[in-house]
$ cat structure-v3.csv   # CSV, C-alpha atoms
chain,number,residue,atom,x,y,z
S,174,MET,CA,-17.0,-17.8,34.4
S,175,SER,CA,-17.3,-14.6,36.4
S,176,THR,CA,-15.1,-12.8,33.8
S,177,ILE,CA,-17.3,-14.1,31.0
S,178,ALA,CA,-20.4,-13.0,32.8
S,179,LEU,CA,-19.0,-9.6,33.4
S,180,HIS,CA,-18.0,-9.0,29.8
S,181,ALA,CA,-21.2,-10.5,28.4
S,182,ASP,CA,-23.3,-8.4,30.8
S,183,LEU,CA,-24.9,-11.5,32.2
S,184,SER,CA,-25.5,-12.8,35.7
S,185,PRO,CA,-23.3,-15.8,36.7
S,186,SER,CA,-26.3,-18.1,36.6
S,187,GLN,CA,-27.2,-17.0,33.1
S,188,ALA,CA,-23.6,-17.4,31.9
S,189,HIS,CA,-23.5,-20.9,33.4
S,190,ARG,CA,-26.6,-21.9,31.5
S,191,TYR,CA,-25.3,-20.5,28.2
S,192,LEU,CA,-21.9,-22.1,28.6
S,193,ALA,CA,-23.4,-25.5,29.5
S,194,SER,CA,-25.5,-25.3,26.3
S,195,LEU,CA,-22.5,-24.3,24.2
S,196,ILE,CA,-20.4,-27.1,25.7
S,197,ALA,CA,-23.1,-29.6,24.9
S,198,ALA,CA,-23.2,-28.3,21.3
S,199,GLY,CA,-19.4,-28.7,20.9
S,200,MET,CA,-18.9,-25.0,20.6
S,201,VAL,CA,-17.0,-24.4,23.8
S,202,ARG,CA,-14.8,-26.5,26.0
S,203,GLN,CA,-13.5,-26.2,29.5
S,204,GLU,CA,-9.9,-26.9,30.4
S,205,ILE,CA,-9.8,-29.5,33.1
S,206,ARG,CA,-6.7,-28.2,34.9
S,207,SER,CA,-7.2,-24.4,34.7
S,208,GLY,CA,-11.0,-24.4,34.5
S,209,LEU,CA,-10.8,-21.8,31.7
S,210,TYR,CA,-13.1,-21.8,28.7
S,211,ASP,CA,-12.0,-21.9,25.1
S,212,LEU,CA,-13.6,-22.5,21.6
S,213,ASP,CA,-14.2,-26.1,20.7
S,214,SER,CA,-14.2,-27.8,17.3
S,215,GLY,CA,-17.7,-26.8,16.4
S,216,ALA,CA,-17.0,-23.1,16.7
S,217,ILE,CA,-13.7,-23.6,14.8
S,218,ARG,CA,-15.5,-25.3,11.9
S,219,ILE,CA,-18.0,-22.5,11.7
S,220,GLY,CA,-15.2,-20.0,11.6
S,221,LEU,CA,-13.4,-21.8,8.9
S,222,SER,CA,-16.6,-22.1,6.9
S,223,ALA,CA,-17.1,-18.4,7.2
S,224,LEU,CA,-13.6,-17.7,6.0
S,225,THR,CA,-14.2,-19.8,2.8
S,226,ARG,CA,-17.1,-17.4,2.0
S,227,LEU,CA,-15.0,-14.3,2.2
S,228,ASP,CA,-14.6,-12.7,-1.2
S,229,LEU,CA,-11.5,-10.6,-1.1
S,230,PHE,CA,-12.2,-8.5,-4.2
S,231,ALA,CA,-15.8,-7.9,-3.4
S,232,MET,CA,-14.7,-6.6,0.1
S,233,ALA,CA,-11.9,-4.6,-1.5
S,234,ASP,CA,-14.3,-3.1,-4.1
S,235,GLN,CA,-16.6,-1.9,-1.3
S,236,THR,CA,-13.7,-0.5,0.8
S,237,PHE,CA,-11.8,1.4,-1.8
S,238,SER,CA,-14.7,2.7,-3.9
S,239,ALA,CA,-15.9,4.3,-0.6
S,240,PHE,CA,-12.3,5.6,0.0
S,241,ALA,CA,-12.3,7.2,-3.5
S,242,ARG,CA,-15.7,8.8,-2.9
S,243,GLU,CA,-14.8,10.2,0.5
S,244,THR,CA,-11.3,11.5,-0.3
S,245,GLY,CA,-11.7,12.4,-4.0
S,246,ARG,CA,-8.5,10.5,-4.7
S,247,THR,CA,-8.3,7.9,-7.5
S,248,CYS,CA,-7.5,4.5,-6.0
S,249,LEU,CA,-6.1,1.4,-7.6
S,250,ILE,CA,-5.6,-2.2,-6.4
S,251,ALA,CA,-2.6,-4.3,-7.4
S,252,VAL,CA,-1.8,-7.9,-6.9
S,253,TRP,CA,1.3,-10.0,-7.7
S,254,GLY,CA,1.1,-11.4,-11.2
S,255,THR,CA,3.4,-13.3,-13.4
S,256,ALA,CA,5.0,-10.0,-14.6
S,257,GLY,CA,5.1,-8.4,-11.1
S,258,PRO,CA,2.8,-5.9,-9.5
S,259,THR,CA,-0.3,-5.8,-11.7
S,260,ILE,CA,-3.3,-3.4,-11.5
S,261,VAL,CA,-6.6,-5.3,-11.2
S,262,ARG,CA,-9.0,-2.6,-10.0
S,263,TRP,CA,-9.4,1.2,-10.6
S,264,PHE,CA,-11.6,3.5,-8.7
S,265,PRO,CA,-11.8,7.0,-10.2
S,266,GLY,CA,-11.8,10.0,-7.9
S,267,TYR,CA,-12.7,13.6,-8.6
S,268,PRO,CA,-11.1,15.2,-10.5
S,269,PRO,CA,-10.1,12.0,-12.3
S,270,VAL,CA,-6.5,11.1,-12.9
S,271,ILE,CA,-5.8,10.9,-16.7
S,272,THR,CA,-2.8,8.6,-17.1
S,273,SER,CA,-1.4,5.8,-19.3
S,274,LEU,CA,-1.9,3.5,-16.3
S,275,ALA,CA,-4.9,1.2,-16.5
S,276,ILE,CA,-6.2,-2.2,-15.4
S,277,GLY,CA,-3.6,-4.8,-16.5
S,278,SER,CA,-0.7,-2.4,-16.3
S,279,THR,CA,2.4,-3.6,-14.4
S,280,LEU,CA,4.4,-1.5,-12.0
S,281,PRO,CA,8.1,-1.5,-11.3
S,282,LEU,CA,9.4,-2.5,-7.9
S,283,ARG,CA,11.8,0.4,-7.2
S,284,HIS,CA,10.1,3.2,-9.0
S,285,SER,CA,6.5,3.0,-7.8
S,286,ALA,CA,4.9,3.2,-4.4
S,287,THR,CA,3.0,0.0,-5.1
S,288,GLY,CA,6.3,-1.8,-6.0
S,289,HIS,CA,7.8,-0.5,-2.7
S,290,VAL,CA,5.1,-2.3,-0.7
S,291,PHE,CA,5.6,-5.5,-2.6
S,292,LEU,CA,9.4,-5.2,-2.0
S,293,ALA,CA,8.7,-4.9,1.8
S,294,PHE,CA,5.9,-7.4,2.3
S,295,GLY,CA,5.7,-9.6,-0.9
S,296,ASP,CA,6.8,-13.2,-1.2
S,297,PRO,CA,10.6,-13.0,-0.9
S,298,GLY,CA,11.3,-15.7,-3.5
S,299,SER,CA,9.0,-14.2,-6.1
S,300,VAL,CA,10.2,-10.7,-5.5
S,301,ALA,CA,13.8,-11.7,-5.7
S,302,LEU,CA,13.3,-13.5,-9.0
S,303,HIS,CA,11.5,-10.5,-10.4
S,304,ALA,CA,14.2,-8.1,-9.2
S,305,GLU,CA,16.9,-10.2,-10.7
S,306,ALA,CA,15.1,-10.2,-14.1
S,307,THR,CA,14.4,-6.5,-14.1
S,308,GLY,CA,17.6,-5.1,-12.5
S,309,ARG,CA,18.2,-4.7,-8.8
S,310,ASP,CA,20.0,-2.5,-6.4
S,311,ASP,CA,20.4,-4.3,-3.1
S,312,ALA,CA,21.2,-1.2,-1.0
S,313,GLU,CA,18.3,0.8,-2.3
S,314,GLU,CA,15.9,-2.1,-1.9
S,315,GLU,CA,16.9,-2.6,1.7
S,316,MET,CA,16.3,1.1,2.5
S,317,ILE,CA,12.9,0.8,0.8
S,318,ARG,CA,12.0,-2.3,2.9
S,319,ALA,CA,13.0,-0.7,6.1
S,320,ARG,CA,11.1,2.5,5.5
S,321,VAL,CA,7.9,0.7,4.3
S,322,ARG,CA,7.9,-1.8,7.2
S,323,ARG,CA,8.4,1.0,9.7
S,324,THR,CA,5.5,3.2,8.4
S,325,LEU,CA,3.3,0.5,6.7
S,326,SER,CA,3.1,2.8,3.7
S,327,ALA,CA,5.0,4.0,0.7
S,328,ARG,CA,5.0,7.3,-1.1
S,329,VAL,CA,6.6,8.5,-4.3
S,330,ALA,CA,6.3,11.7,-6.3
S,331,GLY,CA,7.1,11.7,-10.0
S,332,ASP,CA,9.3,8.6,-9.9
S,333,LEU,CA,7.2,6.6,-12.3
S,334,ILE,CA,5.3,9.3,-14.2
S,335,PRO,CA,6.1,13.0,-14.0
S,336,GLY,CA,3.5,15.0,-12.0
S,337,LEU,CA,1.9,11.9,-10.5
S,338,ARG,CA,2.1,11.3,-6.7
S,339,ALA,CA,1.2,7.9,-5.2
S,340,MET,CA,0.6,6.6,-1.7
S,341,SER,CA,0.4,2.8,-1.2
S,342,VAL,CA,-0.6,0.6,1.8
S,343,PRO,CA,-0.7,-3.3,2.2
S,344,VAL,CA,-3.6,-5.6,2.9
S,345,PHE,CA,-2.9,-8.9,4.6
S,346,ASP,CA,-4.7,-12.2,4.7
S,347,LEU,CA,-5.5,-14.6,7.5
S,348,GLN,CA,-2.0,-16.0,7.5
S,349,GLY,CA,-0.4,-12.5,7.5
S,350,ARG,CA,0.6,-12.8,3.8
S,351,LEU,CA,0.3,-9.8,1.5
S,352,SER,CA,-3.0,-10.1,-0.4
S,353,LEU,CA,-3.0,-6.8,-2.3
S,354,VAL,CA,-1.7,-3.3,-2.3
S,355,ALA,CA,-4.0,-0.3,-2.4
S,356,THR,CA,-2.7,3.0,-3.9
S,357,ALA,CA,-4.1,6.5,-3.9
S,358,LEU,CA,-3.1,8.8,-6.8
S,359,ALA,CA,-2.8,12.5,-7.0
S,360,THR,CA,-1.9,15.1,-9.6
S,361,SER,CA,-1.4,18.8,-9.3
S,362,ALA,CA,-5.2,19.1,-8.9
S,363,PHE,CA,-4.6,18.0,-5.3
S,364,ASP,CA,-2.7,20.0,-2.7
S,365,PRO,CA,0.4,18.0,-1.6
S,366,ALA,CA,-0.3,19.2,2.0
S,367,GLU,CA,-3.3,16.8,2.0
S,368,ASP,CA,-1.2,13.7,1.2
S,369,GLU,CA,-0.4,12.8,4.8
S,370,ALA,CA,-4.1,12.8,5.7
S,371,THR,CA,-4.9,10.8,2.6
S,372,THR,CA,-2.2,8.3,3.5
S,373,ALA,CA,-3.5,8.0,7.1
S,374,ALA,CA,-7.0,7.4,5.7
S,375,LEU,CA,-5.7,4.7,3.3
S,376,ILE,CA,-3.9,3.0,6.2
S,377,THR,CA,-7.2,3.0,8.2
S,378,ALA,CA,-9.1,1.5,5.2
S,379,CYS,CA,-6.4,-1.2,4.6
S,380,ARG,CA,-6.2,-2.1,8.3
S,381,SER,CA,-10.0,-2.5,8.5
S,382,LEU,CA,-10.0,-4.7,5.4
S,383,THR,CA,-7.1,-6.8,6.8
S,384,GLN,CA,-9.0,-7.3,10.1
S,385,ALA,CA,-12.2,-8.1,8.2
S,386,LEU,CA,-10.3,-10.9,6.4
S,387,GLY,CA,-9.0,-12.2,9.8
S,388,GLY,CA,-5.5,-11.1,9.2
S,389,PRO,CA,-3.0,-9.5,11.6
S,390,TRP,CA,-2.0,-5.9,11.2
S,391,PRO,CA,1.7,-5.5,11.8
S,392,ALA,CA,3.1,-2.9,14.2
S,393,GLY,CA,4.5,0.2,12.7
S,394,GLU,CA,4.8,4.0,13.1
S,395,THR,CA,1.6,4.5,11.1
S,396,GLU,CA,0.8,7.7,12.9
S,397,ALA,CA,3.3,9.7,10.8
S,398,PRO,CA,3.7,8.5,7.2
S,399,PRO,CA,6.9,9.7,5.6
S,400,LYS,CA,7.0,12.9,3.8
S,401,ALA,CA,8.0,12.9,0.1
S,402,PRO,CA,11.5,14.2,-0.5
S,403,ARG,CA,11.9,17.9,-0.7
S,404,GLY,CA,11.7,19.3,-4.2
S,405,GLU,CA,9.4,16.5,-5.5
S,406,ASP,CA,6.1,17.9,-4.4
S,407,ARG,CA,5.9,21.4,-6.0
S,408,PRO,CA,2.5,21.4,-7.8
S,409,PRO,CA,0.0,24.1,-7.0
S,410,GLY,CA,-3.1,23.6,-4.9
S,411,ARG,CA,-6.1,21.5,-5.9
S,412,ARG,CA,-8.0,22.7,-9.0
S,413,ARG,CA,-11.4,21.4,-9.8
S,414,ALA,CA,-10.5,20.0,-13.2
S,415,ALA,CA,-9.1,16.8,-14.6
S,416,SER,CA,-5.3,16.8,-15.0
S,417,ARG,CA,-3.1,14.8,-17.3
S,418,ALA,CA,-0.4,12.9,-15.4
S,419,ASP,CA,1.6,11.1,-18.1
S,420,GLY,CA,3.0,14.0,-20.0
S,421,ARG,CA,0.9,13.3,-23.1
$ encode --input "structure-v3.csv" --output "structure tokens"
Amino acid sequence: MSTIALHADLSPSQAHRYLASLIAAGMVRQEIRSGLYDLDSGAIRIGLSALTRLDLFAMADQTFSAFARETGRTCLIAVWGTAGPTIVRWFPGYPPVITSLAIGSTLPLRHSATGHVFLAFGDPGSVALHAEATGRDDAEEEMIRARVRRTLSARVAGDLIPGLRAMSVPVFDLQGRLSLVATALATSAFDPAEDEATTAALITACRSLTQALGGPWPAGETEAPPKAPRGEDRPPGRRRAASRADGR
């Protein structure tokens, strides 16, 4: 009780009265042997009820629209669909990215940053079936998984669409399952030197959303996202104009 009083900034007598009331209401229980306090069934029911009210996409919309405003980077959200990673949200940045990608587009596992995150954290059975159907390379996939799980992010430059750079980060649910993947896009209008800071900002946003959903954030070397391979990021500095990224 003294520890609870200390952390709650209460006197021991106040803490005792509050705890007695919470125990009577079925919100807190005291272990008989240890004397320690824990949540009781009433608090658990309230917590579960609150979780059922969480709207993943409403929370994601708020998180990543703010990310796009603050960073200027176009941001998309993808979930696992029947055809693999599928774009379900698009938040334009400034300057906007003009590309053939849009809501409803599907992304490849091995040639997109979004796909790399699904390879690393997606449902193993679903990912394996999709990889078998679309062509797989076990050695490359294992390297991708190891890199993404280590850094909690994926970055590609020009692998999917020439001139388009992408940075992707996972969001997890209460049970630690992959809920969605957020991806920031950049064309030659953005300085590649800014990509590491953008990736770090995206990791912060995704970690905050994961925690808001009650999910665990895995350990990883998130302080230093991987640099894109040399020779892939050669575009000039950011220009204040829209830039086409699909070669059209």
$ atom_distance --input "structure-v3.csv" --atom1 "CA of Gln235 in chain S" --atom2 "CA of Val270 in chain S"
20.1 Å
$ closest_residue --input "structure-v3.csv" --among "S:Ala231, S:Leu179, S:Ala198, S:Leu282" --to "Gly308 in chain S" --atoms "all atoms listed in the file"
S:Leu282
$ residues_near_point --input "structure-v3.csv" --point "(12.4, -11.8, -7.0)" --cutoff "12 Å" --atoms "all atoms listed in the file" --output "PyMOL selection string"
chain S and resi 253+255-258+281-282+288+291-293+295-309+311+314
$ write_last_selection --input "structure-v3.csv" --atoms "C-alpha atoms" --output "PDB file, in the frame of the given file"
ATOM      1  CA  TRP S 253       1.300 -10.000  -7.700  1.00  0.00           C
ATOM      2  CA  THR S 255       3.400 -13.300 -13.400  1.00  0.00           C
ATOM      3  CA  ALA S 256       5.000 -10.000 -14.600  1.00  0.00           C
ATOM      4  CA  GLY S 257       5.100  -8.400 -11.100  1.00  0.00           C
ATOM      5  CA  PRO S 258       2.800  -5.900  -9.500  1.00  0.00           C
ATOM      6  CA  PRO S 281       8.100  -1.500 -11.300  1.00  0.00           C
ATOM      7  CA  LEU S 282       9.400  -2.500  -7.900  1.00  0.00           C
ATOM      8  CA  GLY S 288       6.300  -1.800  -6.000  1.00  0.00           C
ATOM      9  CA  PHE S 291       5.600  -5.500  -2.600  1.00  0.00           C
ATOM     10  CA  LEU S 292       9.400  -5.200  -2.000  1.00  0.00           C
ATOM     11  CA  ALA S 293       8.700  -4.900   1.800  1.00  0.00           C
ATOM     12  CA  GLY S 295       5.700  -9.600  -0.900  1.00  0.00           C
ATOM     13  CA  ASP S 296       6.800 -13.200  -1.200  1.00  0.00           C
ATOM     14  CA  PRO S 297      10.600 -13.000  -0.900  1.00  0.00           C
ATOM     15  CA  GLY S 298      11.300 -15.700  -3.500  1.00  0.00           C
ATOM     16  CA  SER S 299       9.000 -14.200  -6.100  1.00  0.00           C
ATOM     17  CA  VAL S 300      10.200 -10.700  -5.500  1.00  0.00           C
ATOM     18  CA  ALA S 301      13.800 -11.700  -5.700  1.00  0.00           C
ATOM     19  CA  LEU S 302      13.300 -13.500  -9.000  1.00  0.00           C
ATOM     20  CA  HIS S 303      11.500 -10.500 -10.400  1.00  0.00           C
ATOM     21  CA  ALA S 304      14.200  -8.100  -9.200  1.00  0.00           C
ATOM     22  CA  GLU S 305      16.900 -10.200 -10.700  1.00  0.00           C
ATOM     23  CA  ALA S 306      15.100 -10.200 -14.100  1.00  0.00           C
ATOM     24  CA  THR S 307      14.400  -6.500 -14.100  1.00  0.00           C
ATOM     25  CA  GLY S 308      17.600  -5.100 -12.500  1.00  0.00           C
ATOM     26  CA  ARG S 309      18.200  -4.700  -8.800  1.00  0.00           C
ATOM     27  CA  ASP S 311      20.400  -4.300  -3.100  1.00  0.00           C
ATOM     28  CA  GLU S 314      15.900  -2.100  -1.900  1.00  0.00           C
TER      29      GLU S 314
END
$ atom_distance --input "structure-v3.csv" --atom1 "CA of Thr360 in chain S" --atom2 "CA of Val344 in chain S"
24.2 Å
$ closest_atom_pairs --input "structure-v3.csv" --of "range 259-361 of chain S" --to "range 375-393 of chain S" --cutoff "7 Å" --atoms "only C-alpha atoms" --output "Markdown table"
| residue | atom | partner | partner_atom | distance |
| --- | --- | --- | --- | --- |
| S:Arg322 | CA | S:Gly393 | CA | 6.8 |
| S:Arg323 | CA | S:Gly393 | CA | 5.0 |
| S:Thr324 | CA | S:Gly393 | CA | 5.3 |
| S:Leu325 | CA | S:Gly393 | CA | 6.1 |
| S:Val342 | CA | S:Ile376 | CA | 6.0 |
| S:Pro343 | CA | S:Cys379 | CA | 6.5 |
| S:Val344 | CA | S:Thr383 | CA | 5.4 |
| S:Phe345 | CA | S:Thr383 | CA | 5.2 |
| S:Asp346 | CA | S:Gly388 | CA | 4.7 |
| S:Leu347 | CA | S:Gly388 | CA | 3.9 |
| S:Gln348 | CA | S:Gly388 | CA | 6.3 |
| S:Gly349 | CA | S:Gly388 | CA | 5.6 |
$ residues_around --input "structure-v3.csv" --residues "Ala359 in chain S" --least-positions-apart "2" --cutoff "7 Å" --atoms "all atoms listed in the file" --output "mmCIF file with C-alpha atoms, in the coordinates of the input"
data_model
loop_
_atom_site.group_PDB
_atom_site.id
_atom_site.type_symbol
_atom_site.label_atom_id
_atom_site.label_comp_id
_atom_site.auth_asym_id
_atom_site.auth_seq_id
_atom_site.Cartn_x
_atom_site.Cartn_y
_atom_site.Cartn_z
ATOM 1 C CA ARG S 246 -8.500 10.500 -4.700
ATOM 2 C CA LEU S 337 1.900 11.900 -10.500
ATOM 3 C CA ARG S 338 2.100 11.300 -6.700
ATOM 4 C CA ALA S 339 1.200 7.900 -5.200
ATOM 5 C CA ALA S 357 -4.100 6.500 -3.900
ATOM 6 C CA SER S 361 -1.400 18.800 -9.300
ATOM 7 C CA PHE S 363 -4.600 18.000 -5.300
#
$ atom_distance --input "structure-v3.csv" --atom1 "CA of Ser186 in chain S" --atom2 "CA of Arg202 in chain S"
17.8 Å
$ closest_residue --input "structure-v3.csv" --among "S:Arg206, S:Met200, S:Arg328, S:Phe294" --to "Arg218 in chain S" --atoms "only C-alpha atoms"
S:Met200
